[in-house]
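Printed here is run03.txt (compact mmCIF, C-alpha atoms):
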```txt
# COMPACT_ATOMS: atom_id res chain seq x y z
CA MET Q 781 86.40 115.80 111.62
CA GLY Q 782 89.19 118.39 111.75
CA GLU Q 783 92.10 118.58 109.41
CA VAL Q 784 94.73 115.87 109.50
CA HIS Q 785 98.28 116.80 108.51
CA VAL Q 786 101.25 114.51 108.03
CA ARG Q 787 104.94 114.99 107.27
CA VAL Q 788 105.88 113.59 103.86
CA ARG Q 789 109.09 113.30 101.88
CA LEU Q 790 108.50 113.78 98.17
CA SER Q 791 111.12 112.64 95.67
CA ASN Q 792 111.68 112.34 91.94
CA ALA Q 793 110.99 108.65 91.22
CA GLY Q 794 113.24 108.73 88.15
CA ASP Q 795 116.15 109.87 90.33
CA VAL Q 796 115.45 107.02 92.78
CA GLU Q 797 115.40 104.55 89.89
CA ARG Q 798 118.82 105.79 88.73
CA VAL Q 799 120.16 105.13 92.25
CA HIS Q 800 118.87 101.54 92.09
CA GLN Q 801 120.54 101.13 88.69
CA GLY Q 802 123.84 102.34 90.14
CA LEU Q 803 123.81 105.45 87.93
CA ALA Q 804 123.40 107.99 90.73
CA THR Q 805 123.80 108.35 94.49
CA MET Q 806 121.11 109.15 97.06
CA ASP Q 807 122.43 112.70 97.49
CA GLN Q 808 121.58 113.28 93.81
CA VAL Q 809 117.89 112.47 94.34
CA ARG Q 810 115.79 115.61 94.16
CA SER Q 811 113.50 115.60 97.18
CA CYS Q 812 111.84 117.78 99.78
CA GLU Q 813 110.17 117.22 103.13
CA VAL Q 814 106.89 119.06 103.70
CA ASP Q 815 103.68 119.04 105.70
CA ALA Q 816 100.68 117.79 103.74
CA LEU Q 817 96.94 117.75 104.31
CA VAL Q 818 95.40 114.27 104.22
CA ASP Q 819 92.34 114.46 101.97
CA THR Q 820 90.33 111.24 102.05
CA GLY Q 821 87.94 112.77 99.50
CA SER Q 822 90.67 112.98 96.86
CA THR Q 823 91.47 109.90 94.80
CA ARG Q 824 95.05 110.79 93.91
CA SER Q 825 97.48 113.00 95.74
CA VAL Q 826 97.89 116.61 94.65
CA ILE Q 827 101.10 118.62 94.40
CA PRO Q 828 101.57 122.25 93.36
CA ALA Q 829 103.37 123.19 90.13
CA GLU Q 830 106.24 124.69 92.16
CA ILE Q 831 106.98 121.27 93.69
CA VAL Q 832 106.81 119.64 90.26
CA ALA Q 833 109.42 122.11 89.03
CA SER Q 834 111.71 121.82 92.08
CA LEU Q 835 111.72 118.00 91.88
CA GLY Q 836 112.35 118.07 88.13
CA LEU Q 837 109.15 116.17 87.35
CA ALA Q 838 107.39 116.24 83.99
CA LEU Q 839 103.74 116.77 83.15
CA VAL Q 840 102.82 113.52 81.42
CA ASP Q 841 99.07 113.92 80.90
CA THR Q 842 95.96 115.86 81.83
CA ALA Q 843 92.73 114.80 83.48
CA ALA Q 844 89.26 116.23 83.88
CA GLY Q 845 87.96 116.24 87.41
CA ARG Q 846 85.31 117.59 89.74
CA LEU Q 847 86.14 119.62 92.82
CA GLY Q 848 84.36 119.40 96.16
CA ASP Q 849 82.22 122.40 95.24
CA GLY Q 850 80.99 120.61 92.09
CA SER Q 851 82.97 122.67 89.59
CA SER Q 852 84.87 120.94 86.77
CA VAL Q 853 88.58 121.47 86.17
CA CYS Q 854 91.31 120.17 83.92
CA VAL Q 855 94.56 119.43 85.75
CA GLY Q 856 98.00 118.18 84.85
CA ILE Q 857 99.32 114.79 85.88
CA SER Q 858 102.95 114.55 86.98
CA SER Q 859 105.48 111.87 86.27
CA ALA Q 860 106.00 109.45 89.17
CA VAL Q 861 106.60 110.97 92.59
CA GLY Q 862 107.97 109.14 95.62
CA PHE Q 863 105.80 109.61 98.71
CA GLU Q 864 107.40 108.56 102.00
CA ILE Q 865 105.16 108.82 105.05
CA MET Q 866 106.07 107.34 108.43
CA GLY Q 867 108.80 105.22 106.82
CA ARG Q 868 106.39 103.78 104.24
CA ARG Q 869 106.99 104.54 100.57
CA THR Q 870 105.10 104.43 97.30
CA PHE Q 871 105.63 105.83 93.83
CA GLU Q 872 102.77 107.21 91.77
CA GLU Q 873 101.63 110.03 89.55
CA ALA Q 874 99.96 113.05 91.17
CA TYR Q 875 97.50 115.72 90.11
CA VAL Q 876 99.17 119.11 89.66
CA MET Q 877 97.17 122.05 90.96
CA GLY Q 878 96.75 124.50 93.81
CA LYS Q 879 99.21 125.66 96.44
CA GLU Q 880 98.88 122.83 98.97
CA ILE Q 881 100.06 119.23 99.02
CA LEU Q 882 97.20 116.80 99.53
CA ILE Q 883 97.61 113.11 100.30
CA GLY Q 884 94.85 111.18 98.55
CA GLN Q 885 93.37 107.71 98.89
CA THR Q 886 95.70 105.90 96.47
CA THR Q 887 98.75 107.06 98.42
CA LEU Q 888 97.17 106.08 101.75
CA GLU Q 889 96.24 102.64 100.42
CA ALA Q 890 99.66 102.05 98.84
CA THR Q 891 101.40 102.87 102.13
CA ASP Q 892 98.85 100.90 104.20
CA LEU Q 893 97.93 103.98 106.26
CA LEU Q 894 94.61 104.99 107.79
CA VAL Q 895 93.22 108.24 109.13
CA ASP Q 896 92.38 108.15 112.84
CA CYS Q 897 89.55 110.70 112.92
CA LYS Q 898 89.29 110.74 116.71
CA ASP Q 899 92.94 111.66 117.28
CA GLN Q 900 93.27 113.54 113.96
CA THR Q 901 96.36 111.63 112.92
CA VAL Q 902 97.56 109.04 110.43
CA ILE Q 903 98.30 105.53 111.67
CA GLY Q 904 99.65 102.33 110.15
CA LYS Q 905 96.96 99.76 109.45
CA HIS Q 906 99.50 97.11 110.46
CA ALA Q 907 102.04 98.00 113.15
CA GLU Q 908 104.78 95.83 111.62
CA GLY Q 909 104.61 97.76 108.34
CA PRO Q 910 102.58 97.53 105.16
CA VAL Q 911 100.80 94.22 104.62
CA PHE Q 912 98.99 93.69 101.31
CA ARG Q 913 96.87 91.02 99.72
CA LEU Q 914 98.87 89.40 96.95
```
Just give me the structure of the file as structure tokens.
Amino acid sequence: MGEVHVRVRLSNAGDVERVHQGLATMDQVRSCEVDALVDTGSTRSVIPAEIVASLGLALVDTAAGRLGDGSSVCVGISSAVGFEIMGRRTFEEAYVMGKEILIGQTTLEATDLLVDCKDQTVIGKHAEGPVFRL
């Protein structure tokens, strides 16, 4: 399988919450739109420290993990990030490391998206939008 990239809008979830509370407007939400690599081998999504800083996110914890080459690392965990992909949105913490944005399994599952390996693209599991078991 080749690499699968997707366009994603990242946003500060705290800013979005303030909008919903009527304390801010959408133009005050810190966000950016970037290309990201979809990494089905990663549990959580990964964002670089520069993105954490530009979105005004905090480091809320650390985690020990194992990379694909078997080496162990300790990484930061960000405060909640908004991930919007193909009009589908979720909010979750992300690992902070590296120079590239990676979309992991929890983000794919929360947005009800799948990787189409044949066409090297991301598709909605349900055409009408996310559908979840309740």
Please tabulate, as a tab-separated table, the residues of stretch 821-914 of chain Q that come within 9 Å of stretch 782-805 of chain Q, each with its closest pair of atoms and the distance in Å to one decimal, counting all atoms listed in the file and ordering rows by chain, then residue number upward.
```
residue	atom	partner	partner_atom	distance
Q:Ile831	CA	Q:Leu790	CA	8.9
Q:Val832	CA	Q:Asn792	CA	8.9
Q:Leu835	CA	Q:Asn792	CA	5.7
Q:Gly836	CA	Q:Asn792	CA	6.9
Q:Leu837	CA	Q:Asn792	CA	6.5
Q:Ser859	CA	Q:Ala793	CA	8.1
Q:Ala860	CA	Q:Ala793	CA	5.5
Q:Val861	CA	Q:Ala793	CA	5.2
Q:Gly862	CA	Q:Ser791	CA	4.7
Q:Phe863	CA	Q:Leu790	CA	5.0
Q:Glu864	CA	Q:Arg789	CA	5.0
Q:Ile865	CA	Q:Val788	CA	5.0
Q:Met866	CA	Q:Val788	CA	7.7
Q:Phe871	CA	Q:Ala793	CA	6.6
Q:Glu872	CA	Q:Ala793	CA	8.4
Q:Ile883	CA	Q:Val786	CA	8.7
Q:Val895	CA	Q:Val784	CA	7.8
Q:Asp896	CA	Q:Val784	CA	8.7
Q:Cys897	CA	Q:Gly782	CA	7.8
Q:Gln900	CA	Q:Val784	CA	5.2
Q:Thr901	CA	Q:Val784	CA	5.7
Q:Val902	CA	Q:Val786	CA	7.0
```
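Atom CA of Q:Ala890 lies 12.0 Å from atom CA of Q:Thr823.
Between atom CA of Q:Glu880 and atom CA of Q:Ile903 the interatomic distance comes to 21.5 Å.
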Discussion item. Please compute the atom CA of Q:Gly884-atom CA of Q:Gln808 distance, one decimal, in Å.
Written reply: 27.2 Å
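Look at Q:Leu893: the protein and nucleic acid residues within 6 Å of it, using only C-alpha atoms and passing over chain neighbours fewer than 3 places away, are Leu888, Ile903, Gly904 and Lys905 of chain Q.
With all atoms listed in the file as the basis for measurement, Q:Gln885 is the residue among Q:Thr891, Q:Ser858, Q:Ser851, Q:Gln885 that approaches Q:Asp819 most closely.
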Worksheet item: Given the choices Q:Gly867, Q:Gly845, Q:Gly856, Q:Gly821, which gets closest to Q:Pro910 if the distance is worked out from all atoms listed in the file?
Response: Q:Gly867
